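Asks: Supplied in C-alpha cells, the structure appears directly below.
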Amino acid sequence: MSMLDTAQCERLVRFARLMVPGGQGMPSAEAIGLCGDPVDEVLAIDPTRMEGLGRILALPGEIGTMADIEALAQRDASGFADLGVVLANAYFMHADVRAAIGYPGQEARDSSAGLTNADHALLEPVITRGSIFRPTPA
Amino acid sequence: MSGATHTDALVVGAGPSGAVVAGELIRAGISVTILEQGDWVPADAFDGARRQWELTQLRKWHPNPNTRGRPEDYPVDVGHSDVNPLMFAGVGGAALIYGAHWMRFMPSDFRVRTLDAIAEDWPFTYDDLAPFYAYVEEAMGVSGQDGNPAYPDGAPTPLPALPIGKVGRKAAKGMNRLGWHWWPGSNAIPSRPWRALQPCVLRGTCGTGCSDGAKATPDRTHWPDAIKAGARLVTGARAAEVTLDARGRASGAIWIDRTGTRHEATADVVILCANGIGTPRILHMSDGGAGIANRSGMVGRRLMMHPFAAVMGTFDEDLESWVGPAGQILTSMQFYETDASRGFLRGAKWNCMPAGGPQSFRAGYGDGPLTDAWGLNLHENVRQKFGRSFEWGIVGEDLPDPENRVSLSDSLTDTDGLPAPAIHYRVSDNTRKMLDFHIARAVEAMEAAGAIETAITPLIRDCGWHLMGTAMMGDDPETSVVDAHGRCHDVPNLYVMDASTFPTSSGMNPTATIMAVAARSVLHLIEHRTDVERAA
C-alpha cells in the first residue's frame with residue numbers, strides 16, 4: 001500500500017508535472033511512476049519528510065503554473081523543502097534516470113594504480129619551483 | 001546513582017584524541033575507562049554504496065547535530081553564531097564522517113606571534129611535533145606523495161598517494177599554467193591494505209561515512225586493540241560533570257546512560273577529549289555549574305571554527321566528478337603564508353574535491369526563483385554540470401578572539417536535561433578579507449583550468465568542522481587553561497587532550513595535529529605519572 005493516499009498522490013503529481021517535466025532526453029517524474037515505489041522508498045528511508053510533505057500537499061490552491069508553486073512554497077517553506085527532497089530523491093534514485101544521465105552511482109573502483117607517469121610529469125614544475133614554506137625560527 | 005567504578009584514568013570522548021590517549025595508557029599498563037555518549041557505528045550502517053546516499057546525508061548522516069537530532073547528540077544553541085559547529089557522537093567521533101583530509105600544520109603555524117605579531121606562539125614547534133605526526137600517520141595509514149615543497153621535510157606519508165583522476169589532472173593543469181603550488185592530496189585513507197583498513201575504492205562518500213571500511217577512523221585503527229588490551233569503553237555514556245575532592249583534585253566524572261540513570265566513575269586522572277565544544281561545556285557544567293579549571297576566565301573562549309568558502313568550476317567535458325576520494329584530490333598552499341600586502345594576516349589551504357552525485361546541482365535549496373531550480377532547468381543544470389564540475393575548497397586560518405566563545409545555554413537542553421552549549425561566534429574582518437582574496441584566486445585557478453562557468457560560495461554556514469581553542473595551552477595560568485602537555489593549571493590531575501588546547505587554528509584540517517598533540521601529551525603524562533597529584 002502506498003504511503004500517500006490518492007488525493008495526496010494526485011496533488012504530488014501536479015507539482016511534479018511542472019517541477020520535473022520530461023524533456024532533453026530525460027523522463028518526467030510522472031513517467032517513472034513517481035507516486036508508487038519511488039516515493040514510498042524515499043519516505044521509508046526518511047520518514048521525517050512525511051509531515052512536511054503532507055502539509056504542503058494539503059495546502060489548497062491551484063497548481064497550474066510555476067508561479068502557483070512559488071506561492072505555495074512561500075506559504076510553507078519547510079513543507080516545500082521536504083517536497084523538493086522527496087521529489088528529487090525519488091527521481092534521481094530511479095534506475096532509468098541514472099541511466100539517462102550516465103550515473104552509475106557511487107561505485108567502487110580500484111585505487112591501487114595511484115599516480116600515473118603523466119601525473120608525475122605534471123608535478124615536475126611544482127618541484128622545480130622549489131620550497132614555498134615560510135622560514136620559521138625555532 | 002549507581003555505584004562508582006574506579007580505574008587509574010578516565011577519558012571522556014572516544015574520537016581521535018581519546019583513542020590515541022586511551023591506547024597509549026592501556027599499553028603502558030594504566031587501567032582506563034572511556035565514556036562515549038554515542039555508539040559503535042558499523043561500516044554497513046553507512047549508505048555510500050546504496051542508492052539513497054544523497055538522501056540520507058541530508059539528515060541521518062548530516063554533520064550538524066541540530067539537523068541530525070539523534071538522542072545521543074546534544075543540541076547546540078547557535079542563535080549568536082555565524083557558523084554552525086559540526087560533530088558526531090560515536091566511537092570514532094566526528095572522524096566517522098570526516099573527509100579524512102590529513103594535513104600537518106605548517107612550521108609557521110606554531111610561531112604566529114613571532115612571525116605576524118598577532119595571537120600566540122605554541123609552546124612547541126613543528127620540529128618538536130614531527131615525530132608524533134609520523135607516529136600517528138602510521139596508525140592511520142595515511143596516503144600521500146612525499147616531497148611536498150610546502151613542507152621543510154616534504155611531509156612524508158607511509159603509503160603512496162591515491163589516484164588524482166580526471167578532476168585532479170584538470171585542476172593541476174590550471175595551477176601549472178599559473179605557476180601555483182599544488183600537490184596530490186594526503187588522506188587518512190590507505191591506498192593499500194593497511195592493518196585493519198581496507199584499501200580505498202574511490203567511492204567518494206567519505207563525508208557521510210565509509211561503507212567499505214577503508215577510511216581511517218579510530219573505531220578501526222585504535223579501539224579494537226585498546227579494548228583487547230583491557231580498556232573499558234562505555235558507550236551511551238554522557239559525561240555530565242567532572243567531580244572534585246575537597247582539595248580540588250579531579251576524582252572522576254558523573255555520567256548519564258541512555259535510560260537517564262546517573263553513574264559515577266572515579267579515577268586518579270581525568271582526561272577530557274570531548275572536542276572544542278564538548279570539553280568546555282563539561283568544564284562549565286562541573287562544580288554544580290560554577291565551572292572548574294577557569295581561573296584564567298579562558299574556558300570556552302577563543303573558539304576557532306575555520307570559516308569555509310568554495311569555488312565550483314564547470315567544464316565542457318566529462319570528468320567523472322562523482323568519483324572519489326572525497327578525501328582531497330589535490331591541495332594547494334600557494335597562498336598559505338602571510339603577505340601583508342593582501343590586507344589580512346595569515347592564509348588558507350585549498351583542497352580540490354569531487355562534486356558528488358546529481359543532486360549537488362539541484363539548486364532547490366537556494367534562494368533563487370524556483371524556475372531556476374526546477375522544470376526544464378533541472379535537466380539543463382544536471383546535463384551541464386553533473387560529472388563535469390569540481391570544487392576548490394578554502395580553509396582559512398581563523399584567528400582567536402576571546403569574544404568567540406562557548407558558554408551554557410539558558411534556553412536549550414539535551415535529552416538528559418543538561419544545558420546545551422551556546423555559541424557566540426562572529427566571522428572576523430580579517431577572515432572575510434582572507435576568504436575574498438582566496439575566492440578570487442580560486443576563480444582564476446578554475447578559469448586557467450578551462451572552466452566555462454564558476455560558482456562562488458562565500459561562506460558556508462554548516463562548516464564548523466574544526467573546533468579549536470577553547471581551553472588554550474600556555475605557560476601562564478592567568479591567561480591559559482592548560483600547560484604545554486594538556487594539564488589544567490588549576491586542577492593538576494585534570495587534562496585536556498583535544499583541539500580545545502590549540503593556541504591558534506592554522507589553516508589546515510586539524511585531525512593530524514589533534515592526534516599528534518594527544519600522543520605527545522599522553523606520553524608525557526605516562527612518563528611523569530608518578531608525579532600526578534591524585535584525589536584523596
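Simple scheme: letters A, B, ... for chains in C-alpha cells order, numbers from 1 for residues in each chain, numbers from 1 for ligands in the order shown.
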Write out as a count of residues only the set of residues from chain A that DSSP, computed on the backbone, places in alpha helix (DSSP H).

Replies: 79

Asks: Could you list, as a short mmCIF file (atom, residue, chain, number, x, y, z; two decimals) with all heavy atoms, in the first residue's frame, every residue within 8 Å of Pro156 (chain B), counting only C-alpha atoms and ignoring same-chain residues fewer than 2 positions away?

Replies:
data_model
loop_
_atom_site.label_atom_id
_atom_site.label_comp_id
_atom_site.auth_asym_id
_atom_site.auth_seq_id
_atom_site.Cartn_x
_atom_site.Cartn_y
_atom_site.Cartn_z
N GLY B 144 49.78 9.55 0.59
CA GLY B 144 50.18 10.84 0.04
C GLY B 144 51.43 10.69 -0.80
O GLY B 144 51.95 9.59 -0.99
N GLN B 145 51.88 11.81 -1.31
CA GLN B 145 53.07 11.84 -2.13
C GLN B 145 54.16 12.57 -1.36
O GLN B 145 53.98 13.73 -0.97
CB GLN B 145 52.77 12.56 -3.45
CG GLN B 145 53.96 12.80 -4.35
CD GLN B 145 54.53 11.50 -4.93
OE1 GLN B 145 53.85 10.47 -4.97
NE2 GLN B 145 55.78 11.54 -5.36
N ASP B 146 55.28 11.90 -1.14
CA ASP B 146 56.37 12.53 -0.41
C ASP B 146 56.98 13.68 -1.23
O ASP B 146 56.83 13.73 -2.45
CB ASP B 146 57.47 11.51 -0.11
CG ASP B 146 57.02 10.46 0.89
OD1 ASP B 146 55.88 10.57 1.39
OD2 ASP B 146 57.80 9.52 1.15
N GLY B 147 57.68 14.56 -0.52
CA GLY B 147 58.42 15.63 -1.20
C GLY B 147 57.64 16.90 -1.43
O GLY B 147 58.06 17.74 -2.24
N ASP B 153 60.17 19.17 5.48
CA ASP B 153 60.54 17.75 5.41
C ASP B 153 59.74 17.00 4.35
O ASP B 153 59.81 15.78 4.26
CB ASP B 153 60.35 17.09 6.78
CG ASP B 153 58.92 17.21 7.29
OD1 ASP B 153 58.06 17.73 6.55
OD2 ASP B 153 58.66 16.80 8.43
N GLY B 154 58.97 17.75 3.55
CA GLY B 154 58.21 17.11 2.49
C GLY B 154 56.96 16.38 2.94
O GLY B 154 56.25 15.81 2.12
N PRO B 158 53.19 7.19 5.06
CA PRO B 158 53.56 5.77 4.96
C PRO B 158 53.09 5.08 3.70
O PRO B 158 53.65 4.04 3.33
CB PRO B 158 52.92 5.15 6.22
CG PRO B 158 51.85 6.09 6.63
CD PRO B 158 52.30 7.45 6.20
#

Asks: Using only C-alpha atoms and a cut-off of 6 Å, which residues of chain B sit close to chain A? Please list them as a list in words.

Replies: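 Within 6 Å of chain A on chain B, we get Arg51, Ser108, Pro149, Ala150, Tyr151, Ala161, Leu162, Pro163, His181, Val201, Leu202, Arg203, Trp374 and Gly375 of chain B.
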
Asks: So which residues touch region 485-491 of chain B within 9 Å, counting only C-alpha atoms, skipping near sequence neighbours fewer than 2 positions away, as a PyMOL selection string?

Replies: chain B and resi 244+248-250+271+292-295+471-473+475-477+480-483+493-498+501+517-518+520-522+524-525

Asks: Neighbouring residues of region 297-313 of chain B were defined as those with any atom within 7 Å, considering only C-alpha atoms; residues of the same chain fewer than 6 positions away were excluded. Please report them as an MDAnalysis selection string.

Replies: chainID B and resid 280 389:407 435 439 442:443 446 451 453:460 463:471 479:481 505

Asks: So that I can see what lies close to Asp40 (chain A), please list as a PyMOL selection string the residues with an atom at most 8 Å from it, counting only C-alpha atoms and leaving out residues fewer than 3 positions away in the same chain.

Replies: chain A and resi 2-4+35-37+43-44

Asks: Those same residues, written as a PDB file, in the first residue's frame with N, CA and C atoms?

Replies:
ATOM      1  N   SER A   2       0.498   2.222  -0.823  1.00  0.00           N
ATOM      2  CA  SER A   2       1.304   3.441  -0.917  1.00  0.00           C
ATOM      3  C   SER A   2       1.254   4.229   0.392  1.00  0.00           C
ATOM      4  N   MET A   3       2.315   4.951   0.658  1.00  0.00           N
ATOM      5  CA  MET A   3       2.357   5.769   1.872  1.00  0.00           C
ATOM      6  C   MET A   3       1.574   7.062   1.694  1.00  0.00           C
ATOM      7  N   LEU A   4       1.225   7.394   0.460  1.00  0.00           N
ATOM      8  CA  LEU A   4       0.386   8.567   0.213  1.00  0.00           C
ATOM      9  C   LEU A   4      -1.001   8.083  -0.224  1.00  0.00           C
ATOM     10  N   CYS A  35       4.595   8.299  -7.994  1.00  0.00           N
ATOM     11  CA  CYS A  35       3.761   8.154  -6.804  1.00  0.00           C
ATOM     12  C   CYS A  35       3.455   6.687  -6.496  1.00  0.00           C
ATOM     13  N   GLY A  36       4.459   5.887  -6.592  1.00  0.00           N
ATOM     14  CA  GLY A  36       4.354   4.475  -6.239  1.00  0.00           C
ATOM     15  C   GLY A  36       5.609   4.116  -5.483  1.00  0.00           C
ATOM     16  N   ASP A  37       6.331   3.156  -6.008  1.00  0.00           N
ATOM     17  CA  ASP A  37       7.550   2.715  -5.340  1.00  0.00           C
ATOM     18  C   ASP A  37       8.578   3.832  -5.115  1.00  0.00           C
ATOM     19  N   LEU A  43      10.247   7.798   1.398  1.00  0.00           N
ATOM     20  CA  LEU A  43       9.597   8.029   2.692  1.00  0.00           C
ATOM     21  C   LEU A  43       9.891   6.907   3.687  1.00  0.00           C
ATOM     22  N   ALA A  44      10.131   5.714   3.187  1.00  0.00           N
ATOM     23  CA  ALA A  44      10.507   4.616   4.096  1.00  0.00           C
ATOM     24  C   ALA A  44      11.911   4.858   4.652  1.00  0.00           C
TER      25      ALA A  44
END

Asks: Name all residues at most 6 Å from Val91 (chain B) (count only C-alpha atoms; drop same-chain ones fewer than 6 positions away) and give them as a ChimeraX atom specification.

Replies: /B:14,39-40,219

Asks: Smallest atom-to-atom distance to Gln52 (chain B): which of A:Pro38, A:Gly54, A:Gly79, A:Pro60, using only C-alpha atoms?

Replies: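 Comparing A:Pro38, A:Gly54, A:Gly79, A:Pro60 against Gln52 (chain B), the winner is A:Pro38.
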